[in-house]
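Trainee: Got a structure for you, work06.pdb, holding PDB, C-alpha atoms, pLDDT in the B column.
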```
ATOM      1  CA  MET N   1      18.325  -8.702   0.307  1.00 61.00           C
ATOM      2  CA  ARG N   2      15.117  -6.808   1.004  1.00 63.00           C
ATOM      3  CA  GLY N   3      14.517  -6.138  -2.648  1.00 73.00           C
ATOM      4  CA  VAL N   4      14.986  -9.829  -3.254  1.00 85.00           C
ATOM      5  CA  VAL N   5      12.183 -10.843  -0.890  1.00 89.00           C
ATOM      6  CA  GLY N   6       9.883  -8.241  -2.419  1.00 88.00           C
ATOM      7  CA  GLY N   7      10.756  -9.525  -5.887  1.00 89.00           C
ATOM      8  CA  LEU N   8      10.107 -13.115  -4.847  1.00 93.00           C
ATOM      9  CA  VAL N   9       6.747 -12.288  -3.294  1.00 93.00           C
ATOM     10  CA  GLU N  10       5.823 -10.267  -6.366  1.00 91.00           C
ATOM     11  CA  GLY N  11       7.051 -12.647  -9.000  1.00 93.00           C
ATOM     12  CA  ALA N  12       6.360 -16.110  -7.576  1.00 95.00           C
ATOM     13  CA  SER N  13       3.397 -17.802  -9.167  1.00 96.00           C
ATOM     14  CA  ARG N  14       3.214 -20.314  -6.328  1.00 96.00           C
ATOM     15  CA  THR N  15       1.763 -19.607  -2.889  1.00 97.00           C
ATOM     16  CA  THR N  16       4.211 -17.549  -0.863  1.00 97.00           C
ATOM     17  CA  ILE N  17       4.501 -17.637   2.921  1.00 97.00           C
ATOM     18  CA  VAL N  18       7.068 -15.272   4.401  1.00 96.00           C
ATOM     19  CA  ASP N  19       8.320 -15.527   7.975  1.00 95.00           C
ATOM     20  CA  LEU N  20       9.256 -11.902   8.601  1.00 92.00           C
ATOM     21  CA  GLU N  21      11.857 -10.362  10.841  1.00 84.00           C
ATOM     22  CA  ALA N  22      10.513 -10.034  14.400  1.00 76.00           C
ATOM     23  CA  GLY N  23       8.851  -6.640  14.494  1.00 71.00           C
ATOM     24  CA  LEU N  24       7.837  -4.834  11.335  1.00 74.00           C
ATOM     25  CA  GLU N  25      10.462  -2.083  11.355  1.00 70.00           C
ATOM     26  CA  HIS N  26      12.353  -3.842   8.598  1.00 69.00           C
ATOM     27  CA  LEU N  27       9.370  -4.554   6.383  1.00 74.00           C
ATOM     28  CA  SER N  28       9.985  -2.555   3.224  1.00 75.00           C
ATOM     29  CA  ARG N  29       7.224  -1.016   1.172  1.00 76.00           C
ATOM     30  CA  GLY N  30       8.507  -3.089  -1.704  1.00 74.00           C
ATOM     31  CA  THR N  31       7.749  -6.321   0.125  1.00 79.00           C
ATOM     32  CA  ALA N  32       4.581  -5.058   1.786  1.00 84.00           C
ATOM     33  CA  ARG N  33       3.089  -3.940  -1.512  1.00 84.00           C
ATOM     34  CA  HIS N  34       2.828  -7.497  -2.738  1.00 89.00           C
ATOM     35  CA  VAL N  35       1.628  -9.131   0.475  1.00 93.00           C
ATOM     36  CA  GLU N  36      -2.088  -9.900   0.378  1.00 94.00           C
ATOM     37  CA  THR N  37      -2.520 -11.049   3.959  1.00 95.00           C
ATOM     38  CA  LEU N  38      -0.434 -10.160   6.985  1.00 95.00           C
ATOM     39  CA  LEU N  39      -0.848 -12.323  10.068  1.00 96.00           C
ATOM     40  CA  ILE N  40       0.374 -10.751  13.286  1.00 95.00           C
ATOM     41  CA  VAL N  41       1.003 -13.302  16.017  1.00 96.00           C
ATOM     42  CA  GLY N  42       0.186 -12.055  19.497  1.00 96.00           C
ATOM     43  CA  GLU N  43       0.164 -13.594  22.945  1.00 97.00           C
ATOM     44  CA  PRO N  44      -2.312 -12.991  25.754  1.00 96.00           C
ATOM     45  CA  TYR N  45      -0.395 -10.429  27.722  1.00 93.00           C
ATOM     46  CA  PHE N  46      -0.474  -6.673  27.505  1.00 93.00           C
ATOM     47  CA  LYS N  47       2.978  -5.967  26.069  1.00 93.00           C
ATOM     48  CA  SER N  48       2.490  -8.480  23.295  1.00 93.00           C
ATOM     49  CA  LEU N  49      -0.877  -6.987  22.410  1.00 94.00           C
ATOM     50  CA  GLU N  50       0.609  -3.494  22.387  1.00 94.00           C
ATOM     51  CA  THR N  51       3.282  -4.704  19.962  1.00 92.00           C
ATOM     52  CA  ALA N  52       0.628  -6.305  17.784  1.00 93.00           C
ATOM     53  CA  ARG N  53      -1.331  -3.077  17.751  1.00 94.00           C
ATOM     54  CA  ARG N  54       1.713  -1.081  16.641  1.00 92.00           C
ATOM     55  CA  SER N  55       2.457  -3.622  13.915  1.00 92.00           C
ATOM     56  CA  PHE N  56      -1.148  -3.388  12.803  1.00 93.00           C
ATOM     57  CA  ALA N  57      -0.941   0.406  12.494  1.00 92.00           C
ATOM     58  CA  LEU N  58       2.328   0.203  10.576  1.00 91.00           C
ATOM     59  CA  ALA N  59       1.009  -2.471   8.233  1.00 92.00           C
ATOM     60  CA  LYS N  60      -2.057  -0.361   7.505  1.00 92.00           C
ATOM     61  CA  GLU N  61       0.220   2.543   6.687  1.00 91.00           C
ATOM     62  CA  LEU N  62       2.147   0.294   4.298  1.00 90.00           C
ATOM     63  CA  GLY N  63      -1.112  -0.478   2.537  1.00 90.00           C
ATOM     64  CA  ILE N  64      -1.444  -4.191   3.249  1.00 93.00           C
ATOM     65  CA  GLY N  65      -4.998  -5.170   2.428  1.00 89.00           C
ATOM     66  CA  GLN N  66      -5.895  -7.911   4.863  1.00 94.00           C
ATOM     67  CA  ILE N  67      -4.319  -7.688   8.321  1.00 95.00           C
ATOM     68  CA  ARG N  68      -5.287 -10.157  11.021  1.00 96.00           C
ATOM     69  CA  MET N  69      -4.073 -11.124  14.441  1.00 97.00           C
ATOM     70  CA  VAL N  70      -3.447 -14.737  15.362  1.00 98.00           C
ATOM     71  CA  ALA N  71      -4.148 -15.064  19.075  1.00 98.00           C
ATOM     72  CA  ASN N  72      -1.516 -17.584  20.129  1.00 98.00           C
ATOM     73  CA  LYS N  73      -0.751 -19.531  23.326  1.00 98.00           C
ATOM     74  CA  VAL N  74      -4.234 -19.014  24.701  1.00 98.00           C
ATOM     75  CA  ARG N  75      -4.562 -21.000  27.930  1.00 97.00           C
ATOM     76  CA  THR N  76      -7.898 -20.032  29.403  1.00 97.00           C
ATOM     77  CA  PRO N  77     -11.253 -18.581  28.394  1.00 97.00           C
ATOM     78  CA  ARG N  78     -10.140 -15.504  30.296  1.00 96.00           C
ATOM     79  CA  ASP N  79      -7.056 -15.211  28.048  1.00 96.00           C
ATOM     80  CA  GLU N  80      -9.265 -15.416  25.014  1.00 97.00           C
ATOM     81  CA  ASP N  81     -11.760 -12.899  26.360  1.00 96.00           C
ATOM     82  CA  SER N  82      -9.072 -10.375  27.193  1.00 95.00           C
ATOM     83  CA  MET N  83      -7.501 -10.723  23.746  1.00 96.00           C
ATOM     84  CA  ARG N  84     -10.834 -10.338  22.024  1.00 97.00           C
ATOM     85  CA  GLU N  85     -11.671  -7.356  24.163  1.00 96.00           C
ATOM     86  CA  TYR N  86      -8.362  -5.676  23.345  1.00 96.00           C
ATOM     87  CA  ALA N  87      -8.652  -6.531  19.648  1.00 96.00           C
ATOM     88  CA  THR N  88     -12.181  -5.164  19.431  1.00 95.00           C
ATOM     89  CA  ARG N  89     -11.246  -1.986  21.251  1.00 96.00           C
ATOM     90  CA  HIS N  90      -8.416  -1.315  18.798  1.00 94.00           C
ATOM     91  CA  GLY N  91     -10.076  -2.535  15.627  1.00 94.00           C
ATOM     92  CA  LEU N  92      -7.631  -5.400  15.203  1.00 93.00           C
ATOM     93  CA  PRO N  93      -9.459  -8.367  13.703  1.00 95.00           C
ATOM     94  CA  ILE N  94      -8.594 -11.810  15.097  1.00 96.00           C
ATOM     95  CA  ALA N  95      -8.225 -14.502  12.433  1.00 96.00           C
ATOM     96  CA  THR N  96      -7.929 -17.443  14.713  1.00 96.00           C
ATOM     97  CA  VAL N  97      -7.254 -18.492  18.286  1.00 98.00           C
ATOM     98  CA  VAL N  98      -4.456 -21.026  18.750  1.00 98.00           C
ATOM     99  CA  PRO N  99      -4.484 -22.730  22.150  1.00 98.00           C
ATOM    100  CA  TYR N 100      -1.393 -23.051  24.308  1.00 98.00           C
ATOM    101  CA  ASP N 101      -0.103 -26.490  23.477  1.00 98.00           C
ATOM    102  CA  ASP N 102       2.547 -28.623  25.213  1.00 98.00           C
ATOM    103  CA  ALA N 103       3.176 -30.280  21.840  1.00 98.00           C
ATOM    104  CA  VAL N 104       4.834 -27.058  20.624  1.00 97.00           C
ATOM    105  CA  VAL N 105       7.358 -27.176  23.460  1.00 96.00           C
ATOM    106  CA  ALA N 106       7.881 -30.928  23.126  1.00 97.00           C
ATOM    107  CA  ALA N 107       8.469 -30.697  19.360  1.00 96.00           C
ATOM    108  CA  ASP N 108      10.953 -27.901  19.907  1.00 92.00           C
ATOM    109  CA  GLU N 109      12.830 -29.878  22.550  1.00 93.00           C
ATOM    110  CA  ARG N 110      13.165 -32.770  20.130  1.00 93.00           C
ATOM    111  CA  GLY N 111      14.153 -30.524  17.232  1.00 91.00           C
ATOM    112  CA  MET N 112      11.100 -31.682  15.290  1.00 94.00           C
ATOM    113  CA  ALA N 113       8.546 -29.926  13.161  1.00 96.00           C
ATOM    114  CA  LEU N 114       5.342 -29.454  15.187  1.00 98.00           C
ATOM    115  CA  ILE N 115       3.252 -30.998  12.410  1.00 98.00           C
ATOM    116  CA  GLU N 116       5.381 -34.136  12.502  1.00 97.00           C
ATOM    117  CA  TYR N 117       5.506 -34.393  16.285  1.00 97.00           C
ATOM    118  CA  GLY N 118       1.805 -33.798  16.771  1.00 97.00           C
ATOM    119  CA  PRO N 119      -0.163 -33.847  13.513  1.00 97.00           C
ATOM    120  CA  SER N 120      -3.426 -33.783  15.452  1.00 97.00           C
ATOM    121  CA  ALA N 121      -2.261 -31.545  18.312  1.00 98.00           C
ATOM    122  CA  PRO N 122      -4.760 -28.797  19.238  1.00 98.00           C
ATOM    123  CA  SER N 123      -2.438 -26.056  17.969  1.00 98.00           C
ATOM    124  CA  VAL N 124      -2.060 -27.799  14.606  1.00 98.00           C
ATOM    125  CA  ALA N 125      -5.832 -28.226  14.381  1.00 98.00           C
ATOM    126  CA  ALA N 126      -6.238 -24.476  14.878  1.00 98.00           C
ATOM    127  CA  ILE N 127      -3.672 -23.734  12.172  1.00 98.00           C
ATOM    128  CA  ARG N 128      -5.503 -26.123   9.826  1.00 97.00           C
ATOM    129  CA  GLY N 129      -8.587 -23.995  10.355  1.00 96.00           C
ATOM    130  CA  LEU N 130      -6.565 -20.895   9.512  1.00 97.00           C
ATOM    131  CA  ALA N 131      -5.267 -22.565   6.331  1.00 97.00           C
ATOM    132  CA  ASP N 132      -8.818 -23.423   5.302  1.00 95.00           C
ATOM    133  CA  ASP N 133      -9.859 -19.810   5.786  1.00 93.00           C
ATOM    134  CA  LEU N 134      -6.905 -18.588   3.729  1.00 94.00           C
ATOM    135  CA  LEU N 135      -7.702 -21.041   0.943  1.00 93.00           C
ATOM    136  CA  THR N 136     -11.310 -19.929   0.807  1.00 88.00           C
ATOM    137  CA  SER N 137     -11.620 -17.275  -1.848  1.00 61.00           C
ATOM    138  CA  GLY N 138     -13.109 -14.833   0.622  1.00 56.00           C
ATOM    139  CA  GLY N 139      -9.934 -14.850   2.701  1.00 62.00           C
ATOM    140  CA  VAL N 140      -9.697 -14.907   6.453  1.00 64.00           C
ATOM    141  CA  PRO N 141     -12.871 -13.962   8.263  1.00 64.00           C
ATOM    142  CA  ALA N 142     -12.318 -11.300  10.864  1.00 61.00           C
ATOM    143  CA  ASP N 143     -13.711 -13.494  13.587  1.00 56.00           C
ATOM    144  CA  PRO N 144     -14.650 -17.083  12.848  1.00 48.00           C
ATOM    145  CA  ALA N 145     -16.034 -17.565  16.342  1.00 49.00           C
ATOM    146  CA  GLY N 146     -18.654 -15.004  15.430  1.00 41.00           C
ATOM    147  CA  ARG N 147     -18.447 -13.132  18.649  1.00 40.00           C
TER     148      ARG N 147
ATOM    149  CA  MET K   1      -1.817 -16.447  -2.269  1.00 93.00           C
ATOM    150  CA  LYS K   2       0.795 -14.234  -0.637  1.00 96.00           C
ATOM    151  CA  VAL K   3       0.934 -14.303   3.148  1.00 96.00           C
ATOM    152  CA  ALA K   4       3.443 -12.744   5.536  1.00 95.00           C
ATOM    153  CA  ILE K   5       3.685 -13.508   9.235  1.00 96.00           C
ATOM    154  CA  ALA K   6       4.932 -11.079  11.847  1.00 94.00           C
ATOM    155  CA  GLY K   7       5.263 -11.116  15.606  1.00 91.00           C
ATOM    156  CA  LYS K   8       7.685 -10.556  18.438  1.00 86.00           C
ATOM    157  CA  GLY K   9      10.390 -13.124  19.004  1.00 83.00           C
ATOM    158  CA  GLY K  10       8.961 -15.977  21.030  1.00 87.00           C
ATOM    159  CA  ALA K  11       5.361 -15.265  20.086  1.00 91.00           C
ATOM    160  CA  GLY K  12       5.196 -18.371  17.926  1.00 94.00           C
ATOM    161  CA  LYS K  13       5.483 -16.661  14.551  1.00 94.00           C
ATOM    162  CA  THR K  14       7.833 -19.212  13.023  1.00 95.00           C
ATOM    163  CA  THR K  15       5.943 -22.249  14.316  1.00 97.00           C
ATOM    164  CA  ILE K  16       2.755 -20.877  12.804  1.00 98.00           C
ATOM    165  CA  ALA K  17       4.451 -19.946   9.504  1.00 98.00           C
ATOM    166  CA  GLY K  18       6.074 -23.337   9.061  1.00 98.00           C
ATOM    167  CA  THR K  19       3.013 -25.335  10.061  1.00 98.00           C
ATOM    168  CA  LEU K  20       0.795 -23.227   7.808  1.00 98.00           C
ATOM    169  CA  ALA K  21       3.160 -23.795   4.874  1.00 98.00           C
ATOM    170  CA  ARG K  22       3.061 -27.554   5.418  1.00 98.00           C
ATOM    171  CA  ILE K  23      -0.735 -27.641   5.661  1.00 98.00           C
ATOM    172  CA  ILE K  24      -1.267 -25.531   2.555  1.00 97.00           C
ATOM    173  CA  ALA K  25       1.137 -27.742   0.599  1.00 97.00           C
ATOM    174  CA  GLU K  26      -0.785 -30.794   1.875  1.00 96.00           C
ATOM    175  CA  ARG K  27      -3.918 -29.217   0.481  1.00 95.00           C
ATOM    176  CA  GLY K  28      -2.335 -29.467  -2.958  1.00 94.00           C
ATOM    177  CA  GLN K  29      -0.882 -26.018  -3.534  1.00 95.00           C
ATOM    178  CA  GLN K  30       2.644 -25.298  -4.686  1.00 97.00           C
ATOM    179  CA  VAL K  31       4.155 -23.341  -1.805  1.00 98.00           C
ATOM    180  CA  VAL K  32       7.400 -21.487  -1.182  1.00 97.00           C
ATOM    181  CA  ALA K  33       8.170 -20.731   2.462  1.00 97.00           C
ATOM    182  CA  ILE K  34      10.585 -17.813   2.755  1.00 95.00           C
ATOM    183  CA  ASP K  35      12.555 -17.264   5.949  1.00 93.00           C
ATOM    184  CA  ASP K  36      13.279 -13.548   6.097  1.00 90.00           C
ATOM    185  CA  ASP K  37      14.106 -13.513   9.808  1.00 88.00           C
ATOM    186  CA  SER K  38      17.691 -12.681  10.733  1.00 84.00           C
ATOM    187  CA  ASN K  39      17.503 -15.531  13.227  1.00 84.00           C
ATOM    188  CA  PRO K  40      16.357 -18.174  10.751  1.00 87.00           C
ATOM    189  CA  ASN K  41      14.430 -21.100  12.255  1.00 90.00           C
ATOM    190  CA  LEU K  42      11.786 -21.805   9.664  1.00 93.00           C
ATOM    191  CA  ALA K  43      13.659 -24.877   8.401  1.00 93.00           C
ATOM    192  CA  LEU K  44      12.939 -26.701  11.652  1.00 93.00           C
ATOM    193  CA  THR K  45       9.230 -25.923  11.685  1.00 95.00           C
ATOM    194  CA  VAL K  46       8.679 -26.968   8.048  1.00 96.00           C
ATOM    195  CA  GLY K  47      10.591 -30.147   8.803  1.00 94.00           C
ATOM    196  CA  VAL K  48      13.996 -30.009   7.156  1.00 90.00           C
ATOM    197  CA  ASP K  49      17.375 -30.302   8.752  1.00 78.00           C
ATOM    198  CA  ARG K  50      18.649 -26.872   9.629  1.00 72.00           C
ATOM    199  CA  ASN K  51      21.993 -27.662   8.037  1.00 73.00           C
ATOM    200  CA  ALA K  52      20.337 -28.728   4.809  1.00 73.00           C
ATOM    201  CA  ALA K  53      18.907 -25.251   4.383  1.00 72.00           C
ATOM    202  CA  ALA K  54      21.897 -23.074   3.666  1.00 72.00           C
ATOM    203  CA  THR K  55      21.223 -19.360   3.741  1.00 73.00           C
ATOM    204  CA  LEU K  56      21.363 -17.168   0.673  1.00 72.00           C
ATOM    205  CA  ASP K  57      23.895 -14.711   2.047  1.00 68.00           C
ATOM    206  CA  GLY K  58      26.234 -15.654  -0.731  1.00 66.00           C
ATOM    207  CA  ILE K  59      23.949 -15.317  -3.739  1.00 72.00           C
ATOM    208  CA  PRO K  60      26.032 -14.810  -6.868  1.00 74.00           C
ATOM    209  CA  ARG K  61      25.901 -11.177  -7.876  1.00 73.00           C
ATOM    210  CA  ASP K  62      24.716 -12.038 -11.344  1.00 77.00           C
ATOM    211  CA  MET K  63      21.417 -13.161  -9.797  1.00 82.00           C
ATOM    212  CA  LEU K  64      20.830  -9.620  -8.616  1.00 82.00           C
ATOM    213  CA  VAL K  65      20.795  -6.248 -10.247  1.00 86.00           C
ATOM    214  CA  GLU K  66      20.930  -2.841  -8.648  1.00 85.00           C
ATOM    215  CA  ARG K  67      17.919  -0.654  -9.229  1.00 83.00           C
ATOM    216  CA  THR K  68      17.604   3.029  -8.449  1.00 86.00           C
ATOM    217  CA  ASP K  69      14.178   4.157  -7.341  1.00 80.00           C
ATOM    218  CA  ALA K  70      12.556   7.463  -8.206  1.00 86.00           C
ATOM    219  CA  ASP K  71      13.665   8.880  -4.855  1.00 86.00           C
ATOM    220  CA  GLY K  72      17.301   8.050  -5.611  1.00 87.00           C
ATOM    221  CA  THR K  73      17.665   5.071  -3.271  1.00 82.00           C
ATOM    222  CA  THR K  74      19.215   1.976  -4.726  1.00 82.00           C
ATOM    223  CA  ARG K  75      18.348  -1.595  -3.906  1.00 77.00           C
ATOM    224  CA  LEU K  76      19.135  -5.042  -5.164  1.00 78.00           C
ATOM    225  CA  VAL K  77      16.419  -6.803  -7.108  1.00 84.00           C
ATOM    226  CA  LEU K  78      16.192 -10.180  -8.829  1.00 89.00           C
ATOM    227  CA  ALA K  79      17.886 -10.414 -12.189  1.00 90.00           C
ATOM    228  CA  VAL K  80      16.040 -13.636 -13.018  1.00 92.00           C
ATOM    229  CA  PRO K  81      12.356 -14.604 -12.835  1.00 94.00           C
ATOM    230  CA  ALA K  82      11.263 -15.373  -9.249  1.00 95.00           C
ATOM    231  CA  GLU K  83      10.208 -18.927 -10.107  1.00 96.00           C
ATOM    232  CA  ASP K  84      13.619 -19.668 -11.625  1.00 94.00           C
ATOM    233  CA  PHE K  85      15.310 -18.260  -8.547  1.00 93.00           C
ATOM    234  CA  ILE K  86      13.156 -20.433  -6.231  1.00 94.00           C
ATOM    235  CA  ASP K  87      13.850 -23.548  -8.319  1.00 93.00           C
ATOM    236  CA  ARG K  88      17.561 -22.881  -8.237  1.00 91.00           C
ATOM    237  CA  TYR K  89      18.079 -21.856  -4.607  1.00 90.00           C
ATOM    238  CA  GLY K  90      15.116 -23.350  -2.786  1.00 92.00           C
ATOM    239  CA  VAL K  91      15.438 -26.471  -0.654  1.00 91.00           C
ATOM    240  CA  PRO K  92      12.799 -29.068  -1.502  1.00 93.00           C
ATOM    241  CA  VAL K  93      10.981 -29.949   1.740  1.00 94.00           C
ATOM    242  CA  ARG K  94       8.398 -32.328   0.379  1.00 92.00           C
ATOM    243  CA  GLU K  95       5.789 -32.563  -2.362  1.00 93.00           C
ATOM    244  CA  GLY K  96       4.694 -29.046  -3.229  1.00 96.00           C
ATOM    245  CA  LEU K  97       6.819 -27.254  -0.604  1.00 97.00           C
ATOM    246  CA  THR K  98      10.112 -25.425  -1.087  1.00 96.00           C
ATOM    247  CA  LEU K  99      12.068 -23.478   1.521  1.00 95.00           C
ATOM    248  CA  LEU K 100      14.174 -20.381   0.920  1.00 93.00           C
ATOM    249  CA  VAL K 101      16.294 -19.031   3.761  1.00 90.00           C
ATOM    250  CA  MET K 102      17.346 -15.484   3.040  1.00 86.00           C
ATOM    251  CA  GLY K 103      20.154 -15.048   5.489  1.00 77.00           C
ATOM    252  CA  GLY K 104      21.636 -14.750   8.920  1.00 61.00           C
ATOM    253  CA  PRO K 105      22.193 -11.761  11.213  1.00 55.00           C
ATOM    254  CA  ASN K 106      24.073  -9.792   8.591  1.00 49.00           C
ATOM    255  CA  HIS K 107      21.492  -9.851   5.878  1.00 50.00           C
ATOM    256  CA  GLY K 108      19.346  -6.875   5.083  1.00 46.00           C
ATOM    257  CA  GLY K 109      20.722  -3.454   4.548  1.00 42.00           C
ATOM    258  CA  SER K 110      19.845  -2.502   1.033  1.00 37.00           C
ATOM    259  CA  GLY K 111      16.332  -1.278   0.315  1.00 32.00           C
TER     260      GLY K 111
END
```
As structure tokens, what does this structure read like?
Mentor:
Amino acid sequence: MRGVVGGLVEGASRTTIVDLEAGLEHLSRGTARHVETLLIVGEPYFKSLETARRSFALAKELGIGQIRMVANKVRTPRDEDSMREYATRHGLPIATVVPYDDAVVAADERGMALIEYGPSAPSVAAIRGLADDLLTSGGVPADPAGR
Amino acid sequence: MKVAIAGKGGAGKTTIAGTLARIIAERGQQVVAIDDDSNPNLALTVGVDRNAAATLDGIPRDMLVERTDADGTTRLVLAVPAEDFIDRYGVPVREGLTLLVMGGPNHGGSG
């Protein structure tokens, strides 16, 4: 099936958003070659950031042009600072910071799509910002907060 | 636009992928959301019933063709144009958004 995903990403004329296997070990060169932007979702704890860093290195090796981290489940300014500090130290650009949001848990418990449960939830608002950046011809800025 | 989303299980990868797909479709683009995770959950986060989104484990073989790469490895590739494949096997979610679920735990393998 891997060749199929690569072929779909390559051949689709519509916008393509692929939810990959957890971890990048299974990402084939065939699929990677046609991906313009890879978003790596990380959480504010060390092991998650280490995983993100490894994925970043692998994705660079595979030749993906634009690779960004999405800093997810950020609860406190300290969370955000530590993620930014780690990202800066390892040259891993952050695309956007998505706050920890009870709406995500609540939607999941109800078996609902987050965007339907909480269309104006803080996490959804952050993802709207990410969508706007992606839709801008310049792509995702490395750090919209400008820090 | 071609975006892929990665992350450890539980990091929120699928929630972000599904929500992003919905928002970009709302902005007027034609979008296909592809679930390539072996534990497929994207259906829920784009807002379709999980059972409505059958996986593609059983794609008819005539949709695929075996290709041998220069290094001798073989892999299955699409035998039809990607857009035709998406129209035929995708699940319509809402205006402008289609979902494709590649498969369950046993998918993968070739290429």
Trainee: Show me as a list in words the residues that reach within 10 Å of (12.5, -11.1, -3.0), counting all atoms listed in the file and using the file's own coordinates.
Mentor: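 The answer, in the requested form, is Met1, Arg2, Gly3, Val4, Val5, Gly6, Gly7, Leu8, Val9, Glu10, Gly11, Ala12, Gly30 and Thr31 of chain N; Ile34, Asp36, Leu76, Val77, Leu78, Ala82, Phe85, Ile86 and Met102 of chain K.
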Trainee: When distances are computed from only C-alpha atoms, which of K:Gly103, K:Gly28, K:Gly47, K:Gly90 shows the smallest separation from chain N?
Mentor: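 Result for the nearest residue to chain N: K:Gly47.
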Trainee: Report, in Å to a single decimal, how far apart atom CA of N:Tyr86 and atom CA of N:Glu43 are.
Mentor: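 A separation of 11.6 Å between them.
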Trainee: Might you pull out every residue within 12 Å of N:Phe46, with all atoms listed in the file counted and same-chain residues fewer than 2 positions away left off, and present them as a list in words?
Mentor: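 These residues fall inside the cut-off: Gly42, Glu43, Pro44, Ser48, Leu49, Glu50, Thr51, Ala52, Arg53, Asp79, Ser82, Met83, Glu85, Tyr86 and Ala87 of chain N.
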Trainee: Only residues of chain N matter here; which ones have an atom within 7 Å of chain K, counting all atoms listed in the file? Give them as a PyMOL selection string.
Mentor: chain N and resi 1-4+7-9+11-24+35-43+111-115+127-128+131
